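Undergrad: Attaching a single structure in structure tokens format; questions to follow.
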Amino acid sequence: MLHLINKSPFESMSLEDCLKYANKGASILLYEDGIYAAMPGTAVSERMAGVTADYKVYALKEDMMLRGVDKVMDGVTEIDYAGFVGLVEESKTASW
Amino acid sequence: MLHLINKSPFESMSLEDCLKYANKGASILLYEDGIYAAMPGTAVSERMAGVTADYKVYALKEDMMLRGVDKVMDGVTEIDYAGFVGLVEESKTASW
Amino acid sequence: MKFGLLITEGPYQHEASDSAYQFAKAALAKGHEILRIFFYSDGVLNSTKLMDPQADDRHIQKQWTELSTSNNIDVIVCVAAAKRRGINDDVIADGFKIGGLGMLTELAIEADRLVEFRA
Amino acid sequence: MKFGLLITEGPYQHEASDSAYQFAKAALAKGHEILRIFFYSDGVLNSTKLMDPQADDRHIQKQWTELSTSNNIDVIVCVAAAKRRGINDDVIADGFKIGGLGMLTELAIEADRLVEFRA
Amino acid sequence: MAKLMVVFRTSPYGTIYSFEGLENVLIMGAYDQDVSVLFIDDGVLAIKKGMDNSSTGIKDFSPTFRALEAYDIEKIFIDRTSMESRGLKLEDLVIEPEIIEADAVEKMMEEQKNFFMF
Amino acid sequence: MAKLMVVFRTSPYGTIYSFEGLENVLIMGAYDQDVSVLFIDDGVLAIKKGMDNSSTGIKDFSPTFRALEAYDIEKIFIDRTSMESRGLKLEDLVIEPEIIEADAVEKMMEEQKNFFMF
């Protein structure tokens with residue numbers, strides 16, 4: 001399953017909600033304001049390190065650029081919209 | 001100051017954000033989906049007991065009725081829209 | 001007291017319009033003056049006369065028009081926010097006026113209390 | 001693959017429309033078929049031809065119209081959601097059609113993948 | 001018959017999603033498919049008993065959930081932790097969904113042809 | 001002169017609030033009032049350096065924040081904890097607000113004739 005997260009981890013529980021149901025090994029794509037979960041050195045980085053150990057975590061490059069987020073933390077893979085489409089080819093998607 | 005909270009405490013950090021800035025003794029009005037913070041017996045009830053010790057916490061009766069929330073936890077005062085207007089008469093308001 | 005209201009969400013999608021309407025009625029009932037109701041962001045969508053909800057639902061635009069005309073309240077739709085959302089003179093209902101964002105600053109200067117209904 | 005897209009937020013207010021548009025372009029570029037793009041909830045507001053954003057901003061309705069007509073994609077605006085938000089035949093732009101909610105169920109039955117762009 | 005599911009995960013009234021999600025379920029019921037409904041997170045609040053819209057005029061749609069069976073939609077599930085963390089028991093709800101555990105949710109989603117989240 | 005303030009508390013682009021809040025600040029600058037701007041919570045992300053809209057076409061409004069001084073708006077503040085918890089330092093921002101502590105925020109709001117939150 002591919003889980004889509006588009007809300008800031010500092011304001012919304014949507015990522016935590018998703019993690020209650022997502023089985024280990026599932027894919028999680030951070031896009032729109034979900035990007036902020038992948039920024040290095042934040043108050044959620046330690047939590048996110050645990051998430052990247054259990055899930056395949058991606059961040060959408062176009063939304064990173066728009067927000068001035070030029071790098072993501074270790075364990076997160078940057079992909080573009082073509083990569084987003086590729087993930088959807090592989091799995092059903094849940095939008096949180 | 002009167003702080004207005006209209007989001008579910010299970011999904012949004014807006015109440016916690018507000019509490020970072022609100023000095024003890026300030027008023028907090030829970031309305032719309034903010035009502036759920038005042039429901040007894042939930043996962044946030046213990047946290048809310050601490051909040052009611054430090055702040056004057058109100059819940060909007062009309063939004064309780066709409067949601068089928070027929071009672072609020074100890075320490076929270078039910079008010080109607082006339083009471084909401086009364087709180088605004090007393091203080092400036094911040095909408096979170 | 002002199003109240004000003006700011007509404008930044010669209011009708012039906014979010015409860016903000018409903019809450020603001022109930023608040024306005026309660027404020028008037030307590031003898032307060034509402035200087036202006038200002039619609040910004042998706043709030044501008046409250047003003048379209050094309051709104052046509054189900055018969056058993058409230059009609060949010062008509063509620064505002066009735067409140068505005070019977071209490072002589074200035075109800076302003078921000079022109080910049082309206083244009084990008086497809087609200088213009090062709091669709092705006094009676095009781096609403098399209099106005100500049102400066103009218104929000106003026107409201108903040110004049111009102112004793114500004115109350116914001118937002119997401 | 002056969003894709004279906006569901007969009008439930010209005011233009012400009014939320015990034016959902018922009019993301020869905022970029023996704024649709026990328027899916028077409030990879031050779032996928034988009035069976036239908038369905039606008040529900042505030043998503044219906046993407047369809048108004050009265051939309052008039054600032055000159056230096058993207059024009060979201062025109063983007064959809066261009067995508068729809070040049071790729072022959074079925075772009076449907078839910079009639080129930082549209083009516084309560086003031087979207088009807090008077091304001092709907094070329095490339096969009098107003099349709100019943102059943103067309104969303106049909107899309108879910110037909111599409112290999114349904115992707116939802118929401119708040 | 002395609003397996004289709006609607007997942008309710010937002011609270012009612014504050015936003016319209018659960019109401020319009022319900023409209024979607026009712027239409028799906030007319031298509032003779034294998035339709036399921038699942039309540040998780042704040043979505044469980046949409047089926048709480050005792051809603052009363054008399055003081056606001058906002059449309060109360062909770063009675064319509066009771067009509068789901070009349071639309072031949074009988075596979076209705078609720079996540080236990082979502083319900084319990086909001087202080088709700090089955091007798092607090094206008095319908096009686098089957099309780100499932102959180103780790104069954106993703107599998108249930110995977111089994112569908114497609115699903116919606118509202 | 002009335003004391004007026006705009007508080008930015010939402011992240012940019014995901015929703016339009018910070019962009020339309022900025023439009024509001026610029027208009028306020030034309031009214032010869034005592035205007036302040038405060039960044040808290042996710043609002044601090046609106047003034048992050050390095051934004052690049054070339055791949056999406058969504059309007060990049062961060063350069064406009066740099067124009068605030070030209071509009072005679074010089075009282076610009078940022079909450080330390082909001083900035084630090086998002087891994088940001090002053091040099092990461094397109095403007096240089098004055099850093100304040102969280103317990104000063106409510107007092108700053110109280111001192112205004114009125115304020116807006118976006």
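Order determines the names: the first chain of the structure tokens is A, the second B, and so forth; residues in each chain are numbered 1 upward, and ligands are numbered 1 upward as they are shown.
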Least-squares fit on all C-alpha atoms, paired in order: put chain B onto chain A and return it as a CSV table (one decimal) with N, CA and C atoms, in the first residue's frame.

TA:
```
chain,number,residue,atom,x,y,z
B,1,MET,N,0.8,-1.2,0.0
B,1,MET,CA,0.0,0.0,0.0
B,1,MET,C,0.9,1.3,0.0
B,2,LEU,N,0.4,2.3,-0.7
B,2,LEU,CA,1.1,3.6,-0.7
B,2,LEU,C,0.2,4.5,0.0
B,3,HIS,N,0.8,5.1,1.1
B,3,HIS,CA,0.1,6.1,1.9
B,3,HIS,C,0.6,7.5,1.5
B,4,LEU,N,-0.4,8.4,1.2
B,4,LEU,CA,-0.1,9.8,0.9
B,4,LEU,C,-0.3,10.7,2.1
B,5,ILE,N,0.7,11.4,2.4
B,5,ILE,CA,0.6,12.4,3.6
B,5,ILE,C,0.9,13.8,3.1
B,6,ASN,N,0.0,14.7,3.2
B,6,ASN,CA,0.1,16.0,2.7
B,6,ASN,C,0.0,17.1,3.8
B,7,LYS,N,0.1,16.7,5.0
B,7,LYS,CA,-0.1,17.7,6.1
B,7,LYS,C,1.1,17.9,7.0
B,8,SER,N,1.3,19.0,7.5
B,8,SER,CA,2.5,19.3,8.3
B,8,SER,C,2.5,18.4,9.6
B,9,PRO,N,3.6,17.8,9.9
B,9,PRO,CA,3.6,16.9,11.1
B,9,PRO,C,3.6,17.8,12.4
B,10,PHE,N,3.8,19.1,12.3
B,10,PHE,CA,3.8,20.0,13.4
B,10,PHE,C,2.3,20.4,13.8
B,11,GLU,N,1.4,20.2,12.8
B,11,GLU,CA,0.0,20.7,13.1
B,11,GLU,C,-1.0,19.6,13.0
B,12,SER,N,-0.7,18.5,12.3
B,12,SER,CA,-1.7,17.5,12.0
B,12,SER,C,-1.3,16.1,12.5
B,13,MET,N,-2.2,15.3,12.9
B,13,MET,CA,-1.9,13.9,13.3
B,13,MET,C,-2.0,12.9,12.2
B,14,SER,N,-2.2,13.4,10.9
B,14,SER,CA,-2.5,12.4,9.8
B,14,SER,C,-1.4,11.4,9.6
B,15,LEU,N,-0.1,11.8,9.8
B,15,LEU,CA,0.9,10.8,9.6
B,15,LEU,C,0.8,9.7,10.8
B,16,GLU,N,0.6,10.2,12.0
B,16,GLU,CA,0.5,9.3,13.1
B,16,GLU,C,-0.7,8.4,13.0
B,17,ASP,N,-1.8,8.9,12.5
B,17,ASP,CA,-3.0,8.1,12.2
B,17,ASP,C,-2.7,7.0,11.2
B,18,CYS,N,-2.0,7.4,10.1
B,18,CYS,CA,-1.7,6.4,9.1
B,18,CYS,C,-0.8,5.3,9.6
B,19,LEU,N,0.2,5.7,10.5
B,19,LEU,CA,1.1,4.7,11.0
B,19,LEU,C,0.4,3.7,11.9
B,20,LYS,N,-0.7,4.0,12.5
B,20,LYS,CA,-1.4,3.1,13.4
B,20,LYS,C,-1.9,1.9,12.5
B,21,TYR,N,-2.2,2.1,11.2
B,21,TYR,CA,-2.8,1.1,10.4
B,21,TYR,C,-1.8,0.5,9.4
B,22,ALA,N,-0.8,1.3,9.0
B,22,ALA,CA,0.1,0.8,8.0
B,22,ALA,C,1.0,-0.3,8.5
B,23,ASN,N,1.1,-1.4,7.8
B,23,ASN,CA,1.9,-2.5,8.2
B,23,ASN,C,3.4,-2.2,7.8
B,24,LYS,N,4.3,-2.7,8.5
B,24,LYS,CA,5.7,-2.5,8.2
B,24,LYS,C,6.1,-2.8,6.8
B,25,GLY,N,6.9,-2.0,6.2
B,25,GLY,CA,7.3,-2.3,4.8
B,25,GLY,C,6.4,-1.5,3.8
B,26,ALA,N,5.3,-0.9,4.2
B,26,ALA,CA,4.5,-0.1,3.4
B,26,ALA,C,5.2,1.1,2.9
B,27,SER,N,4.7,1.8,1.8
B,27,SER,CA,5.3,3.0,1.3
B,27,SER,C,4.6,4.2,1.8
B,28,ILE,N,5.3,5.3,2.1
B,28,ILE,CA,4.7,6.5,2.5
B,28,ILE,C,5.3,7.6,1.7
B,29,LEU,N,4.4,8.4,1.0
B,29,LEU,CA,4.9,9.5,0.2
B,29,LEU,C,4.5,10.8,0.9
B,30,LEU,N,5.5,11.6,1.2
B,30,LEU,CA,5.3,12.9,1.8
B,30,LEU,C,5.3,13.9,0.7
B,31,TYR,N,4.1,14.7,0.6
B,31,TYR,CA,4.1,15.7,-0.4
B,31,TYR,C,3.3,16.9,0.2
B,32,GLU,N,3.1,18.0,-0.6
B,32,GLU,CA,2.5,19.2,-0.1
B,32,GLU,C,3.2,19.5,1.3
B,33,ASP,N,2.4,19.9,2.3
B,33,ASP,CA,2.9,20.2,3.6
B,33,ASP,C,3.5,19.0,4.3
B,34,GLY,N,3.2,17.8,3.8
B,34,GLY,CA,3.8,16.6,4.4
B,34,GLY,C,5.3,16.6,4.3
B,35,ILE,N,5.9,17.4,3.3
B,35,ILE,CA,7.3,17.5,3.1
B,35,ILE,C,8.1,17.8,4.4
B,36,TYR,N,7.5,18.6,5.3
B,36,TYR,CA,8.2,19.1,6.5
B,36,TYR,C,8.6,18.0,7.4
B,37,ALA,N,7.9,16.8,7.3
B,37,ALA,CA,8.3,15.7,8.1
B,37,ALA,C,9.7,15.2,7.8
B,38,ALA,N,10.1,15.4,6.6
B,38,ALA,CA,11.4,14.9,6.1
B,38,ALA,C,12.5,15.9,6.3
B,39,MET,N,12.3,17.1,6.7
B,39,MET,CA,13.3,18.1,6.9
B,39,MET,C,14.3,17.6,8.0
B,40,PRO,N,15.6,17.7,7.8
B,40,PRO,CA,16.5,17.3,8.9
B,40,PRO,C,16.5,18.3,10.1
B,41,GLY,N,16.8,17.7,11.2
B,41,GLY,CA,17.1,18.6,12.4
B,41,GLY,C,15.8,19.3,13.0
B,42,THR,N,14.7,18.7,12.9
B,42,THR,CA,13.5,19.3,13.5
B,42,THR,C,13.0,18.5,14.7
B,43,ALA,N,12.0,19.0,15.4
B,43,ALA,CA,11.4,18.3,16.5
B,43,ALA,C,10.8,17.0,16.2
B,44,VAL,N,10.6,16.7,15.0
B,44,VAL,CA,10.0,15.3,14.6
B,44,VAL,C,11.0,14.4,14.0
B,45,SER,N,12.3,14.9,13.9
B,45,SER,CA,13.3,14.1,13.2
B,45,SER,C,13.6,12.8,13.8
B,46,GLU,N,13.6,12.8,15.2
B,46,GLU,CA,13.9,11.5,15.9
B,46,GLU,C,12.8,10.5,15.6
B,47,ARG,N,11.5,11.0,15.7
B,47,ARG,CA,10.4,10.1,15.4
B,47,ARG,C,10.5,9.6,14.0
B,48,MET,N,10.8,10.5,13.0
B,48,MET,CA,10.9,10.1,11.6
B,48,MET,C,12.0,9.1,11.4
B,49,ALA,N,13.1,9.1,12.2
B,49,ALA,CA,14.1,8.1,12.0
B,49,ALA,C,13.6,6.8,12.3
B,50,GLY,N,12.7,6.7,13.3
B,50,GLY,CA,12.1,5.4,13.6
B,50,GLY,C,11.1,5.0,12.4
B,51,VAL,N,10.4,5.9,11.9
B,51,VAL,CA,9.5,5.6,10.8
B,51,VAL,C,10.3,5.1,9.5
B,52,THR,N,11.4,5.8,9.2
B,52,THR,CA,12.2,5.3,8.0
B,52,THR,C,12.8,3.9,8.2
B,53,ALA,N,12.9,3.5,9.5
B,53,ALA,CA,13.4,2.1,9.7
B,53,ALA,C,12.4,1.1,9.4
B,54,ASP,N,11.1,1.4,9.5
B,54,ASP,CA,10.1,0.5,9.3
B,54,ASP,C,9.3,0.6,8.0
B,55,TYR,N,9.4,1.7,7.4
B,55,TYR,CA,8.6,2.0,6.1
B,55,TYR,C,9.5,2.5,5.1
B,56,LYS,N,9.1,2.4,3.8
B,56,LYS,CA,9.8,3.1,2.7
B,56,LYS,C,9.2,4.5,2.6
B,57,VAL,N,10.0,5.5,2.9
B,57,VAL,CA,9.5,6.9,3.0
B,57,VAL,C,10.1,7.7,1.8
B,58,TYR,N,9.2,8.3,1.1
B,58,TYR,CA,9.6,9.2,-0.1
B,58,TYR,C,9.1,10.6,0.2
B,59,ALA,N,9.8,11.5,-0.5
B,59,ALA,CA,9.4,13.0,-0.4
B,59,ALA,C,9.4,13.5,-1.9
B,60,LEU,N,8.4,14.2,-2.2
B,60,LEU,CA,8.1,14.7,-3.6
B,60,LEU,C,9.0,15.9,-3.8
B,61,LYS,N,10.0,15.8,-4.8
B,61,LYS,CA,11.0,16.8,-5.1
B,61,LYS,C,10.4,18.2,-5.4
B,62,GLU,N,9.3,18.2,-6.2
B,62,GLU,CA,8.7,19.5,-6.6
B,62,GLU,C,8.2,20.2,-5.4
B,63,ASP,N,7.6,19.5,-4.5
B,63,ASP,CA,7.1,20.2,-3.3
B,63,ASP,C,8.2,20.6,-2.3
B,64,MET,N,9.3,19.9,-2.3
B,64,MET,CA,10.5,20.3,-1.6
B,64,MET,C,11.0,21.6,-2.1
B,65,MET,N,11.2,21.7,-3.4
B,65,MET,CA,11.7,22.9,-4.1
B,65,MET,C,10.8,24.1,-3.8
B,66,LEU,N,9.5,23.9,-3.9
B,66,LEU,CA,8.6,25.0,-3.7
B,66,LEU,C,8.7,25.6,-2.3
B,67,ARG,N,9.0,24.7,-1.3
B,67,ARG,CA,9.1,25.1,0.1
B,67,ARG,C,10.5,25.5,0.5
B,68,GLY,N,11.5,25.4,-0.4
B,68,GLY,CA,12.8,25.7,0.0
B,68,GLY,C,13.5,24.7,0.9
B,69,VAL,N,13.0,23.4,0.8
B,69,VAL,CA,13.6,22.3,1.6
B,69,VAL,C,14.6,21.6,0.6
B,70,ASP,N,15.9,21.9,0.8
B,70,ASP,CA,16.8,21.4,-0.2
B,70,ASP,C,17.4,20.1,0.1
B,71,LYS,N,17.1,19.6,1.3
B,71,LYS,CA,17.6,18.2,1.5
B,71,LYS,C,16.7,17.5,2.5
B,72,VAL,N,16.7,16.2,2.4
B,72,VAL,CA,15.8,15.4,3.4
B,72,VAL,C,16.7,14.6,4.3
B,73,MET,N,16.1,14.1,5.4
B,73,MET,CA,16.9,13.4,6.3
B,73,MET,C,17.3,12.0,5.8
B,74,ASP,N,18.3,11.4,6.4
B,74,ASP,CA,18.7,10.0,6.0
B,74,ASP,C,17.5,9.1,6.0
B,75,GLY,N,17.4,8.2,5.0
B,75,GLY,CA,16.4,7.2,5.0
B,75,GLY,C,15.2,7.6,4.2
B,76,VAL,N,15.1,8.9,3.8
B,76,VAL,CA,14.0,9.3,2.9
B,76,VAL,C,14.5,9.5,1.5
B,77,THR,N,13.7,9.0,0.5
B,77,THR,CA,14.1,9.0,-0.9
B,77,THR,C,13.4,10.1,-1.6
B,78,GLU,N,14.1,11.0,-2.3
B,78,GLU,CA,13.4,12.0,-3.1
B,78,GLU,C,12.9,11.4,-4.4
B,79,ILE,N,11.7,11.8,-4.8
B,79,ILE,CA,11.2,11.4,-6.1
B,79,ILE,C,10.5,12.5,-6.7
B,80,ASP,N,10.3,12.5,-8.0
B,80,ASP,CA,9.6,13.6,-8.7
B,80,ASP,C,8.2,13.0,-9.1
B,81,TYR,N,7.4,13.8,-9.8
B,81,TYR,CA,6.0,13.4,-10.1
B,81,TYR,C,6.0,12.1,-10.9
B,82,ALA,N,7.0,11.9,-11.8
B,82,ALA,CA,7.1,10.6,-12.5
B,82,ALA,C,7.3,9.5,-11.6
B,83,GLY,N,8.1,9.7,-10.5
B,83,GLY,CA,8.3,8.7,-9.5
B,83,GLY,C,7.0,8.4,-8.7
B,84,PHE,N,6.3,9.5,-8.4
B,84,PHE,CA,5.0,9.4,-7.7
B,84,PHE,C,4.0,8.5,-8.5
B,85,VAL,N,4.0,8.7,-9.8
B,85,VAL,CA,3.1,7.9,-10.7
B,85,VAL,C,3.6,6.4,-10.6
B,86,GLY,N,4.9,6.3,-10.6
B,86,GLY,CA,5.5,4.9,-10.5
B,86,GLY,C,5.1,4.2,-9.3
B,87,LEU,N,5.1,4.9,-8.1
B,87,LEU,CA,4.6,4.3,-6.9
B,87,LEU,C,3.2,3.9,-7.0
B,88,VAL,N,2.3,4.7,-7.6
B,88,VAL,CA,0.9,4.4,-7.7
B,88,VAL,C,0.7,3.2,-8.7
B,89,GLU,N,1.6,3.0,-9.6
B,89,GLU,CA,1.5,1.9,-10.5
B,89,GLU,C,1.6,0.6,-9.7
B,90,GLU,N,2.5,0.6,-8.6
B,90,GLU,CA,2.8,-0.5,-7.8
B,90,GLU,C,1.8,-0.9,-6.8
B,91,SER,N,1.0,0.1,-6.3
B,91,SER,CA,0.2,-0.1,-5.1
B,91,SER,C,-1.1,0.7,-5.2
B,92,LYS,N,-2.1,0.2,-4.5
B,92,LYS,CA,-3.3,1.1,-4.2
B,92,LYS,C,-2.8,2.2,-3.3
B,93,THR,N,-3.5,3.3,-3.3
B,93,THR,CA,-3.1,4.5,-2.5
B,93,THR,C,-4.2,4.9,-1.5
B,94,ALA,N,-3.8,5.3,-0.4
B,94,ALA,CA,-4.7,5.9,0.7
B,94,ALA,C,-4.2,7.3,0.9
B,95,SER,N,-5.2,8.2,0.8
B,95,SER,CA,-4.9,9.7,1.0
B,95,SER,C,-5.4,10.1,2.4
B,96,TRP,N,-4.4,10.4,3.3
B,96,TRP,CA,-4.8,10.8,4.7
B,96,TRP,C,-4.9,12.2,4.9
```

Undergrad: Can you list, as a short mmCIF file (atom, residue, chain, number, x, y, z; two decimals) with N, CA, C and O atoms, in the first residue's frame, all residues belonging to chain A that DSSP tags as strand (DSSP E or B)?

TA:
```
data_model
loop_
_atom_site.label_atom_id
_atom_site.label_comp_id
_atom_site.auth_asym_id
_atom_site.auth_seq_id
_atom_site.Cartn_x
_atom_site.Cartn_y
_atom_site.Cartn_z
N LEU A 2 0.39 2.26 -0.74
CA LEU A 2 1.05 3.56 -0.74
C LEU A 2 0.20 4.54 0.05
O LEU A 2 -0.98 4.75 -0.27
N HIS A 3 0.81 5.13 1.06
CA HIS A 3 0.09 6.10 1.90
C HIS A 3 0.56 7.51 1.54
O HIS A 3 1.76 7.79 1.55
N LEU A 4 -0.39 8.39 1.26
CA LEU A 4 -0.07 9.77 0.87
C LEU A 4 -0.31 10.70 2.07
O LEU A 4 -1.42 10.74 2.61
N ILE A 5 0.73 11.43 2.44
CA ILE A 5 0.65 12.35 3.58
C ILE A 5 0.94 13.76 3.08
O ILE A 5 2.03 14.04 2.57
N SER A 12 -0.70 18.49 12.30
CA SER A 12 -1.72 17.48 12.01
C SER A 12 -1.27 16.11 12.50
O SER A 12 -0.09 15.77 12.47
N SER A 27 4.72 1.75 1.82
CA SER A 27 5.34 2.98 1.32
C SER A 27 4.58 4.20 1.81
O SER A 27 3.35 4.17 1.90
N ILE A 28 5.31 5.25 2.12
CA ILE A 28 4.70 6.51 2.54
C ILE A 28 5.31 7.62 1.69
O ILE A 28 6.52 7.79 1.66
N LEU A 29 4.45 8.36 0.98
CA LEU A 29 4.92 9.50 0.19
C LEU A 29 4.53 10.80 0.88
O LEU A 29 3.34 11.07 1.10
N LEU A 30 5.54 11.60 1.22
CA LEU A 30 5.32 12.91 1.81
C LEU A 30 5.25 13.93 0.68
O LEU A 30 6.19 14.03 -0.12
N LYS A 56 9.09 2.41 3.80
CA LYS A 56 9.78 3.06 2.70
C LYS A 56 9.21 4.47 2.57
O LYS A 56 8.05 4.65 2.21
N VAL A 57 10.03 5.48 2.91
CA VAL A 57 9.53 6.85 2.96
C VAL A 57 10.10 7.66 1.79
O VAL A 57 11.31 7.66 1.55
N TYR A 58 9.20 8.35 1.08
CA TYR A 58 9.57 9.17 -0.09
C TYR A 58 9.14 10.62 0.15
O TYR A 58 8.19 10.88 0.87
N ALA A 59 9.84 11.55 -0.49
CA ALA A 59 9.45 12.96 -0.44
C ALA A 59 9.39 13.49 -1.87
O ALA A 59 10.29 13.22 -2.68
N LEU A 60 8.35 14.25 -2.19
CA LEU A 60 8.15 14.73 -3.56
C LEU A 60 9.03 15.96 -3.81
O LEU A 60 8.89 17.01 -3.19
N VAL A 76 15.12 8.87 3.76
CA VAL A 76 14.01 9.33 2.91
C VAL A 76 14.52 9.47 1.48
O VAL A 76 15.60 10.01 1.25
N THR A 77 13.75 8.98 0.53
CA THR A 77 14.13 9.01 -0.88
C THR A 77 13.37 10.12 -1.61
O THR A 77 12.15 10.19 -1.54
N GLU A 78 14.12 10.99 -2.31
CA GLU A 78 13.46 12.03 -3.10
C GLU A 78 12.96 11.44 -4.41
O GLU A 78 13.68 10.72 -5.09
N ILE A 79 11.72 11.77 -4.78
CA ILE A 79 11.20 11.37 -6.10
C ILE A 79 10.46 12.55 -6.73
O ILE A 79 10.05 13.47 -6.02
N THR A 93 -3.55 3.35 -3.34
CA THR A 93 -3.14 4.49 -2.53
C THR A 93 -4.22 4.90 -1.54
O THR A 93 -5.42 4.85 -1.85
N ALA A 94 -3.77 5.33 -0.36
CA ALA A 94 -4.66 5.87 0.67
C ALA A 94 -4.24 7.31 0.94
O ALA A 94 -3.08 7.57 1.21
N SER A 95 -5.19 8.25 0.84
CA SER A 95 -4.89 9.67 1.05
C SER A 95 -5.37 10.09 2.43
O SER A 95 -6.57 10.11 2.70
#
```

Undergrad: Can you tell me how far CA of Tyr40 in chain D sits from CA of Val35 in chain E, in Å to one decimal?

TA: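 For CA of Tyr40 in chain D relative to CA of Val35 in chain E, the distance reads 19.6 Å.
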
Undergrad: Contacts from chain E to chain C, 12 Å maximum, only C-alpha atoms: show me the residue list as a list in words.

TA: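 So the contacting residues turn out to be Ser11, Pro12, Tyr13, Gly14, Thr15, Ile16, Tyr17, Ser18, Phe19, Glu20, Asn53, Ser54, Ser55, Thr56, Gly57, Ile58, Lys59, Asp60 and Phe61 of chain E.
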
Undergrad: CA of Lys75 in chain E and CA of Ser36 in chain E are how many Å apart?

TA: 4.8 Å

Undergrad: To one decimal in Å, tell me the separation between CA of Ala104 in chain F and CA of Lys48 in chain F.

TA: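 CA of Lys48 in chain F lies 22.8 Å from CA of Ala104 in chain F.
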
Undergrad: Set the distance at 8 Å and use only C-alpha atoms: which residues neighbour Ile37 in chain C once local chain neighbours fewer than 3 positions away are removed? I'd like the list as a PyMOL selection string.

TA: chain C and resi 4-7+34+73-76

Undergrad: I'd like the neighbourhood of Asn71 in chain D as a list of chain:residue names, where a residue qualifies if any of its atoms comes within 10 Å (using only C-alpha atoms), though same-chain residues fewer than 4 positions away should be ignored.

TA: D:Lys25, D:Leu28, D:Glu33, D:Ile34, D:Thr65, D:Glu66, D:Leu67

Undergrad: Which residues are near Leu38 in chain F? Cut-off 12 Å, only C-alpha atoms, ignore same chain within fewer than 3 positions. Put them as number ranges by chain.

TA: F: 4-10, 18, 21-22, 25, 35, 41-44, 46-47, 73-80, 82-83, 96-102, 104-106, 108-109, 115-118

Undergrad: Out of chain E, which residues get helix (DSSP H, G or I) from DSSP, as a PyMOL selection string?

TA: chain E and resi 17-31+41-47+62-66+69-71+80-85+90-92+102-110

Undergrad: Set the cut-off to 6 Å and count only C-alpha atoms: what are the residues of chain F that reach chain A? Output as a list of chain:residue names.

TA: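 Output check: F:Gly14, F:Lys49, F:Gly50, F:Met51, F:Asp52, F:Asn53, F:Ser55, F:Ser85, F:Arg86, F:Gly87.
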
Undergrad: Go ahead and save the residues from that selection, with all heavy atoms, as a compact mmCIF listing (two decimals), in the first residue's frame.

TA:
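Done, and the output landed in again_22.txt:
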```txt
# COMPACT_ATOMS: atom_id res chain seq x y z
N GLY F 14 0.63 24.78 0.97
CA GLY F 14 -0.38 23.75 1.21
C GLY F 14 -1.76 24.37 1.28
O GLY F 14 -2.73 23.81 0.75
N LYS F 49 14.27 30.60 3.33
CA LYS F 49 15.02 30.88 2.09
C LYS F 49 14.94 29.72 1.11
O LYS F 49 14.71 28.58 1.50
CB LYS F 49 16.51 31.08 2.43
CG LYS F 49 16.90 32.49 2.81
CD LYS F 49 18.42 32.56 3.00
CE LYS F 49 18.82 33.91 3.59
NZ LYS F 49 20.16 33.86 4.20
N GLY F 50 15.21 30.02 -0.17
CA GLY F 50 15.46 28.97 -1.15
C GLY F 50 14.25 28.43 -1.87
O GLY F 50 14.34 27.42 -2.56
N MET F 51 13.11 29.09 -1.74
CA MET F 51 11.92 28.59 -2.43
C MET F 51 12.08 28.74 -3.93
O MET F 51 12.61 29.73 -4.41
CB MET F 51 10.67 29.34 -1.95
CG MET F 51 10.35 29.06 -0.48
SD MET F 51 8.90 29.98 0.07
CE MET F 51 8.93 29.57 1.85
N ASP F 52 11.59 27.74 -4.66
CA ASP F 52 11.78 27.68 -6.11
C ASP F 52 10.52 27.06 -6.71
O ASP F 52 10.26 25.88 -6.57
CB ASP F 52 13.01 26.82 -6.40
CG ASP F 52 13.21 26.56 -7.89
OD1 ASP F 52 12.39 27.01 -8.70
OD2 ASP F 52 14.20 25.88 -8.23
N ASN F 53 9.73 27.89 -7.40
CA ASN F 53 8.45 27.40 -7.93
C ASN F 53 8.55 26.97 -9.39
O ASN F 53 7.52 26.77 -10.04
CB ASN F 53 7.37 28.48 -7.77
CG ASN F 53 7.62 29.67 -8.68
OD1 ASN F 53 8.72 29.82 -9.20
ND2 ASN F 53 6.61 30.50 -8.86
N SER F 55 9.12 24.30 -10.89
CA SER F 55 8.60 23.02 -11.34
C SER F 55 7.10 22.86 -11.14
O SER F 55 6.54 21.84 -11.50
CB SER F 55 9.34 21.87 -10.65
OG SER F 55 9.13 21.93 -9.27
N SER F 85 12.11 24.42 16.69
CA SER F 85 11.55 23.08 16.56
C SER F 85 11.42 22.68 15.09
O SER F 85 11.27 21.49 14.78
CB SER F 85 10.20 22.97 17.26
OG SER F 85 9.27 23.82 16.66
N ARG F 86 11.49 23.65 14.19
CA ARG F 86 11.48 23.35 12.75
C ARG F 86 12.89 23.41 12.16
O ARG F 86 13.05 23.45 10.93
CB ARG F 86 10.51 24.29 12.03
CG ARG F 86 9.04 23.90 12.32
CD ARG F 86 8.08 25.02 12.13
NE ARG F 86 6.73 24.64 12.58
CZ ARG F 86 6.32 24.68 13.85
NH1 ARG F 86 7.13 25.09 14.83
NH2 ARG F 86 5.08 24.30 14.17
N GLY F 87 13.88 23.42 13.02
CA GLY F 87 15.27 23.33 12.57
C GLY F 87 15.76 24.58 11.85
O GLY F 87 16.72 24.52 11.08
```

Undergrad: For chain D, which residues have at least one atom within 10 Å of chain C, if we go by only C-alpha atoms? Write them as a VMD selection string, please.

TA: chain D and resid 8 to 14 41 to 42 45 to 54 57 to 61 80 to 88 90 to 91
